[in-house]
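The structure appears below as structure tokens.
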Amino acid sequence: MVLVEFGGFIVTMVQGIRALFIRPFRINLIFKEAETIGVNSTFIILLTGLFTGAVLALQSGKAFRLFNAEGVTGAVVALSLFRELGPVMTGLMIAARSGSSMAAQIGTMRVTQQIDALEVMAVDPVSYLIAPRIIAAFVMVPLLSIIFDMMGIFGSYLVGVGMLEINEATFFEKIEAYVKTEDMWDGLIKAAAFGIIIAVVGCRKGFLTEGGAEGVGRATTQAVVIASVTILIADYFLTAMMF
Amino acid sequence: MLEIRNLKKSFGTQRVLKGVNLKIKNGEITVIIGSSGCGKSVLLRHLIGLMKPDEGQILLDGMDLTNLPKEELKRVRMRFGMLFQDAALFDSMNVYENIAFPLREHRRVSEKEISEAVKQRLQEVGMKNVERKLPSELSGGMRKRVGLARALVLNPEIVLYDEPTTGLDPITSRAIDDLIVQTQQNIQGTSIIISHDIRATLRIANTIAMLHDGAIVAVGSPEEMMNHENAIVRDFLDYGLPKNFRA
């Protein structure tokens, strides 16, 4: 059952990516989806990033102070954010916000015959509904992840330097010393993979919706749960490969 | 001519279509009647390739639509227009964008030409000043009119109607019936209607086909069907009509 479901997601992903290279190229739709997934999620990412960094600094700063190592707080927070928390938290937030929205929107279109109408009008629903969402999520989730990382570091700076009175120069010096460019790249690759997972799961669950309003609700819930779990599982394997 | 040959479709153990045979003549309004849940909509969905049959053929001018490659099926679909039961308008687009959608997808035309085409189609279905409204702001009858305008915008040869008057009041139903007849005269093509509205069927149909127990049990003109030897057909038509009905 799980394997069949997994196979279905792979098929949807391949169909969606293939549709990106077949005319007509739906640039306007890609930008529209990028706005929905990315721009409209900026505030929530700013907020969660800020507080994630702040709480990390609070916890780790106090712990490091026990053995006079609070100077590395900024570096530890930055590494955690770039490698793990940035992409994973962004992925989970976008799965909840945009993955659910994709499933609900496409699911409603399915149960109200709007997808049938697309097919009758000789428009490929994969090209029109799925492909733009996949590419938009693929691009926007890494960008949001960068915003999350930056806000997280800012949050940790406020707590570390402002509250825990860590030396400002040491704070930044340690970040520079320990965080490598590869850490950032690896985080971005993860975020891009999570973007594809969110879009594929959300679109497929919406596409296969049946059973009216109840079916749309079920599809939406499943999209969030499956995307979130898949992100965490994929994160383990990507981490094992990268680091 | 559109010909359905021995079409069979099952969902699990439930056999919905058990061998449908029907010839639909060009230039006519053919109404397929039958009780609720007898498989009328399933049959209609097969005609436009939204469902694949388990067995059988659907021949359009000799070409079998049931096993066409995807791209070929797309080309064939351009010859069809379809009015869905609840119109199936895109709720994220306003009326103008809904009607313009097929043109934007399939025709290289200027915005001015699109605007003129939308205006003309809306006029044909008796609507004006609704271009900026969203589908949620329209009544059931208005949505069907807009759905019909969208279905006609690419000048289809064959128009399919899935229960066009279901859920509408008698006056609006009559208006939609008149619109179907007028549309048929305008396009000079073929109209296929799925309905259990007997009053409307007798008024507008050139040919009536009755689907019962997964097969077509009778085909004929309204007069022939009213006097059909099959009691199921006569009963269905009689029960569906008010007393002193005048077509």
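Order determines the names: the first chain of the structure tokens is A, the second B, and so forth; residues in each chain are numbered 1 upward, and ligands are numbered 1 upward as they are shown.
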
Open item on the list: Show me, as a list in words, every residue of chain B with an atom at most 8 Å from chain A, counting only C-alpha atoms.
Closed with: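 In the required form, that comes to Ile48, Leu50, Lys74, Arg75, Arg77, Met78, Phe80, Gly81, Met82, Phe84, Asp86, Ala88, Leu89, Phe90, Pro102 and Glu105 of chain B.
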
Task: Spatial neighbours of region 4-19 of chain B, max dist 12 Å, only C-alpha atoms, sep filter under 5 positions, as a ChimeraX atom specification - done: /B:24-25,37-48,51-66,211-217

Can you spit out the residues from that selection as an mmCIF file, in the first residue's frame, using N, CA and C atoms?
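Everything below was put into selection.cif:
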data_model
loop_
_atom_site.group_PDB
_atom_site.id
_atom_site.type_symbol
_atom_site.label_atom_id
_atom_site.label_comp_id
_atom_site.auth_asym_id
_atom_site.auth_seq_id
_atom_site.Cartn_x
_atom_site.Cartn_y
_atom_site.Cartn_z
ATOM 1 N N ILE B 24 -25.935 8.292 -33.365
ATOM 2 C CA ILE B 24 -26.397 9.675 -33.182
ATOM 3 C C ILE B 24 -26.186 10.434 -34.489
ATOM 4 N N LYS B 25 -27.304 10.897 -35.031
ATOM 5 C CA LYS B 25 -27.228 11.537 -36.352
ATOM 6 C C LYS B 25 -26.699 12.965 -36.247
ATOM 7 N N GLY B 37 -29.225 7.556 -11.879
ATOM 8 C CA GLY B 37 -28.272 6.497 -11.530
ATOM 9 C C GLY B 37 -28.213 5.363 -12.527
ATOM 10 N N CYS B 38 -28.848 5.529 -13.706
ATOM 11 C CA CYS B 38 -28.850 4.420 -14.676
ATOM 12 C C CYS B 38 -27.583 4.435 -15.545
ATOM 13 N N GLY B 39 -26.753 5.468 -15.408
ATOM 14 C CA GLY B 39 -25.489 5.485 -16.151
ATOM 15 C C GLY B 39 -25.457 6.480 -17.297
ATOM 16 N N LYS B 40 -26.412 7.421 -17.315
ATOM 17 C CA LYS B 40 -26.451 8.405 -18.411
ATOM 18 C C LYS B 40 -25.184 9.258 -18.430
ATOM 19 N N SER B 41 -24.827 9.769 -17.251
ATOM 20 C CA SER B 41 -23.640 10.637 -17.194
ATOM 21 C C SER B 41 -22.370 9.854 -17.490
ATOM 22 N N VAL B 42 -22.345 8.596 -17.057
ATOM 23 C CA VAL B 42 -21.187 7.737 -17.361
ATOM 24 C C VAL B 42 -21.058 7.585 -18.876
ATOM 25 N N LEU B 43 -22.188 7.391 -19.540
ATOM 26 C CA LEU B 43 -22.184 7.260 -21.001
ATOM 27 C C LEU B 43 -21.657 8.545 -21.648
ATOM 28 N N LEU B 44 -22.141 9.688 -21.152
ATOM 29 C CA LEU B 44 -21.713 10.977 -21.715
ATOM 30 C C LEU B 44 -20.204 11.182 -21.527
ATOM 31 N N ARG B 45 -19.698 10.798 -20.354
ATOM 32 C CA ARG B 45 -18.264 10.968 -20.077
ATOM 33 C C ARG B 45 -17.423 10.097 -21.001
ATOM 34 N N HIS B 46 -17.981 8.956 -21.417
ATOM 35 C CA HIS B 46 -17.250 8.120 -22.378
ATOM 36 C C HIS B 46 -17.166 8.797 -23.750
ATOM 37 N N LEU B 47 -18.244 9.526 -24.097
ATOM 38 C CA LEU B 47 -18.288 10.135 -25.432
ATOM 39 C C LEU B 47 -17.142 11.124 -25.631
ATOM 40 N N ILE B 48 -16.703 11.757 -24.547
ATOM 41 C CA ILE B 48 -15.663 12.778 -24.680
ATOM 42 C C ILE B 48 -14.329 12.310 -24.114
ATOM 43 N N MET B 51 -13.775 8.965 -19.621
ATOM 44 C CA MET B 51 -13.709 7.602 -19.066
ATOM 45 C C MET B 51 -13.359 6.645 -20.183
ATOM 46 N N LYS B 52 -12.658 5.589 -19.813
ATOM 47 C CA LYS B 52 -12.327 4.543 -20.783
ATOM 48 C C LYS B 52 -13.272 3.363 -20.557
ATOM 49 N N PRO B 53 -13.871 2.839 -21.604
ATOM 50 C CA PRO B 53 -14.776 1.704 -21.404
ATOM 51 C C PRO B 53 -14.001 0.402 -21.160
ATOM 52 N N ASP B 54 -14.678 -0.565 -20.559
ATOM 53 C CA ASP B 54 -14.068 -1.888 -20.413
ATOM 54 C C ASP B 54 -14.066 -2.595 -21.766
ATOM 55 N N GLU B 55 -15.116 -2.342 -22.528
ATOM 56 C CA GLU B 55 -15.258 -2.946 -23.859
ATOM 57 C C GLU B 55 -16.040 -1.988 -24.732
ATOM 58 N N GLY B 56 -15.957 -2.182 -26.038
ATOM 59 C CA GLY B 56 -16.804 -1.408 -26.949
ATOM 60 C C GLY B 56 -16.066 -0.260 -27.619
ATOM 61 N N GLN B 57 -16.774 0.390 -28.531
ATOM 62 C CA GLN B 57 -16.170 1.467 -29.322
ATOM 63 C C GLN B 57 -17.087 2.688 -29.359
ATOM 64 N N ILE B 58 -16.460 3.832 -29.538
ATOM 65 C CA ILE B 58 -17.213 5.055 -29.843
ATOM 66 C C ILE B 58 -16.607 5.604 -31.131
ATOM 67 N N LEU B 59 -17.380 5.587 -32.182
ATOM 68 C CA LEU B 59 -16.845 5.962 -33.490
ATOM 69 C C LEU B 59 -17.344 7.347 -33.890
ATOM 70 N N LEU B 60 -16.404 8.249 -34.146
ATOM 71 C CA LEU B 60 -16.756 9.572 -34.657
ATOM 72 C C LEU B 60 -16.236 9.645 -36.092
ATOM 73 N N ASP B 61 -17.144 9.691 -37.037
ATOM 74 C CA ASP B 61 -16.786 9.632 -38.463
ATOM 75 C C ASP B 61 -15.830 8.458 -38.721
ATOM 76 N N GLY B 62 -16.112 7.333 -38.107
ATOM 77 C CA GLY B 62 -15.313 6.127 -38.328
ATOM 78 C C GLY B 62 -14.085 5.984 -37.454
ATOM 79 N N MET B 63 -13.732 7.040 -36.686
ATOM 80 C CA MET B 63 -12.517 6.995 -35.853
ATOM 81 C C MET B 63 -12.913 6.579 -34.422
ATOM 82 N N ASP B 64 -12.230 5.548 -33.903
ATOM 83 C CA ASP B 64 -12.570 5.046 -32.572
ATOM 84 C C ASP B 64 -11.955 5.948 -31.492
ATOM 85 N N LEU B 65 -12.801 6.588 -30.703
ATOM 86 C CA LEU B 65 -12.314 7.544 -29.694
ATOM 87 C C LEU B 65 -11.805 6.853 -28.431
ATOM 88 N N THR B 66 -12.102 5.550 -28.286
ATOM 89 C CA THR B 66 -11.778 4.895 -27.006
ATOM 90 C C THR B 66 -10.307 4.553 -26.854
ATOM 91 N N LEU B 211 -32.076 4.897 -21.927
ATOM 92 C CA LEU B 211 -31.099 3.993 -21.307
ATOM 93 C C LEU B 211 -31.762 3.343 -20.100
ATOM 94 N N HIS B 212 -31.767 2.026 -20.101
ATOM 95 C CA HIS B 212 -32.384 1.313 -18.982
ATOM 96 C C HIS B 212 -31.603 0.030 -18.725
ATOM 97 N N ASP B 213 -31.267 -0.199 -17.469
ATOM 98 C CA ASP B 213 -30.538 -1.395 -17.072
ATOM 99 C C ASP B 213 -29.267 -1.598 -17.913
ATOM 100 N N GLY B 214 -28.553 -0.500 -18.144
ATOM 101 C CA GLY B 214 -27.248 -0.582 -18.799
ATOM 102 C C GLY B 214 -27.268 -0.731 -20.298
ATOM 103 N N ALA B 215 -28.451 -0.569 -20.904
ATOM 104 C CA ALA B 215 -28.512 -0.686 -22.375
ATOM 105 C C ALA B 215 -29.562 0.271 -22.925
ATOM 106 N N ILE B 216 -29.433 0.614 -24.194
ATOM 107 C CA ILE B 216 -30.447 1.448 -24.844
ATOM 108 C C ILE B 216 -31.624 0.528 -25.204
ATOM 109 N N VAL B 217 -32.789 0.820 -24.622
ATOM 110 C CA VAL B 217 -33.937 -0.074 -24.860
ATOM 111 C C VAL B 217 -34.891 0.471 -25.923
#

Task: Nearest to Ala205 (chain B) by atom-to-atom distance, counting only C-alpha atoms, from B:Val95, B:Ala175, B:Ala117, B:Met225 - done: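 Of all the options, B:Met225 lies closest to Ala205 (chain B).
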
TODO: Identify, on the basis of only C-alpha atoms, every residue whose closest approach to region 204-210 of chain A does not exceed 8 Å; exclude the query and any residue fewer than 3 positions from it along the same chain; express the result as number ranges by chain.
DONE: A: 9, 12, 102-108, 110-111, 200-201, 215-216, 219-220, 222-223

- [ ] Using only C-alpha atoms, determine which residues lie at most 8 Å from Val233 (chain B), disregarding the query and same-chain residues fewer than 5 positions distant; provide the list as a list in words.
- [x]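 Listing them by chain and then by number gives Met210, Ala218, Met225, Met226 and His228 of chain B.
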
Open item on the list: Report as a list in words all protein, DNA and RNA residues lying within 9 Å of Ile134 (chain A), evaluated on only C-alpha atoms, omitting residues in the same chain fewer than 5 positions from it.
Closed with: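 Everything that qualifies: Met13, Gly16, Ile17, Ile30, Val139, Gly195, Ile196, Ile197, Ile198, Ala199, Val200 and Cys203 of chain A.
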
TODO: Choose the residue, out of B:Glu113, B:Lys133, B:Ile232, B:Leu237, that has the smallest atom-to-atom separation from Thr201 (chain B); count only C-alpha atoms.
DONE: B:Leu237

Task: region 69-78 of chain A surroundings by only C-alpha atoms, 9 Å radius, close-in-sequence under 6 positions cut, as a ChimeraX atom specification - done: /A:53,56-58,60-63,149-150,152-153,156-157,160,164,166-168,170-179

Open item on the list: Give me, as an NGL selection string, the residues of region 24-182 of chain B that a backbone DSSP run labels alpha helix (DSSP H).
Closed with: :B and (40-47 or 70-77 or 95-106 or 111-124 or 140-152 or 170-182)

Open item on the list: Show me, as a list in words, the residues that have an atom within 9 Å of Ile27 (chain A) when counting only C-alpha atoms, minus same-chain residues fewer than 4 positions from it.
Closed with: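 Selected residues are Phe31, Lys32 and Pro132 of chain A.
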
Please, could you write that set of residues out with N, CA and C atoms as a short mmCIF file (atom, residue, chain, number, x, y, z; two decimals), in the first residue's frame?
data_model
loop_
_atom_site.label_atom_id
_atom_site.label_comp_id
_atom_site.auth_asym_id
_atom_site.auth_seq_id
_atom_site.Cartn_x
_atom_site.Cartn_y
_atom_site.Cartn_z
N PHE A 31 4.67 32.17 -12.12
CA PHE A 31 4.86 33.37 -11.29
C PHE A 31 3.73 33.51 -10.26
N LYS A 32 2.51 33.19 -10.71
CA LYS A 32 1.36 33.29 -9.81
C LYS A 32 1.53 32.32 -8.63
N PRO A 132 3.25 23.94 -12.87
CA PRO A 132 3.64 25.25 -12.34
C PRO A 132 3.87 25.23 -10.82
#

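What separates CA of Ile158 (chain B) from CA of Ile33 (chain B) is a distance of 18.2 Å.
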
Open item on the list: According to DSSP computed on the backbone, where in region 67-138 of chain B is there strand (DSSP E)? Give the residues as a ChimeraX atom specification.
Closed with: /B:80-83

Mind writing the picked residues with N, CA and C atoms as a short mmCIF file (atom, residue, chain, number, x, y, z; two decimals), in the first residue's frame?
data_model
loop_
_atom_site.label_atom_id
_atom_site.label_comp_id
_atom_site.auth_asym_id
_atom_site.auth_seq_id
_atom_site.Cartn_x
_atom_site.Cartn_y
_atom_site.Cartn_z
N PHE B 80 -15.58 19.18 -29.79
CA PHE B 80 -16.69 19.07 -28.84
C PHE B 80 -16.78 20.32 -27.96
N GLY B 81 -17.99 20.58 -27.48
CA GLY B 81 -18.17 21.53 -26.40
C GLY B 81 -19.05 20.82 -25.38
N MET B 82 -18.87 21.16 -24.11
CA MET B 82 -19.69 20.45 -23.12
C MET B 82 -20.19 21.39 -22.04
N LEU B 83 -21.48 21.29 -21.76
CA LEU B 83 -22.06 22.02 -20.64
C LEU B 83 -22.25 21.03 -19.49
#

Task: Atomic separation - CA of Arg107 (chain B) relative to CA of Ile22 (chain A), Å - done: 17.3 Å

Region 76-151 of chain A near region 35-40 of chain A within 7 Å: what's each residue's closest atom pair and its distance in Å to one decimal, counting only C-alpha atoms, ordered by chain then ascending residue number, as a Markdown table?
| residue | atom | partner | partner_atom | distance |
| --- | --- | --- | --- | --- |
| A:Ser98 | CA | A:Ile37 | CA | 5.8 |
| A:Ala137 | CA | A:Ile37 | CA | 6.6 |
| A:Met140 | CA | A:Gly38 | CA | 5.2 |
| A:Val141 | CA | A:Gly38 | CA | 7.0 |
| A:Leu144 | CA | A:Gly38 | CA | 6.7 |

Prev. selection, N, CA and C atoms, output as a PDB file, in the first residue's frame:
ATOM      1  N   SER A  98       1.002  25.880   2.225  1.00  0.00           N
ATOM      2  CA  SER A  98       0.757  25.809   0.779  1.00  0.00           C
ATOM      3  C   SER A  98       0.376  24.412   0.307  1.00  0.00           C
ATOM      4  N   ALA A 137       7.389  25.716  -6.233  1.00  0.00           N
ATOM      5  CA  ALA A 137       7.814  25.258  -4.899  1.00  0.00           C
ATOM      6  C   ALA A 137       9.306  24.931  -4.897  1.00  0.00           C
ATOM      7  N   MET A 140      10.889  28.422  -4.717  1.00  0.00           N
ATOM      8  CA  MET A 140      10.542  29.318  -3.602  1.00  0.00           C
ATOM      9  C   MET A 140      10.904  28.766  -2.229  1.00  0.00           C
ATOM     10  N   VAL A 141      10.821  27.461  -2.039  1.00  0.00           N
ATOM     11  CA  VAL A 141      11.130  26.927  -0.697  1.00  0.00           C
ATOM     12  C   VAL A 141      12.597  27.201  -0.326  1.00  0.00           C
ATOM     13  N   LEU A 144      12.788  30.849   0.659  1.00  0.00           N
ATOM     14  CA  LEU A 144      12.199  31.059   1.986  1.00  0.00           C
ATOM     15  C   LEU A 144      13.128  30.517   3.072  1.00  0.00           C
TER      16      LEU A 144
END
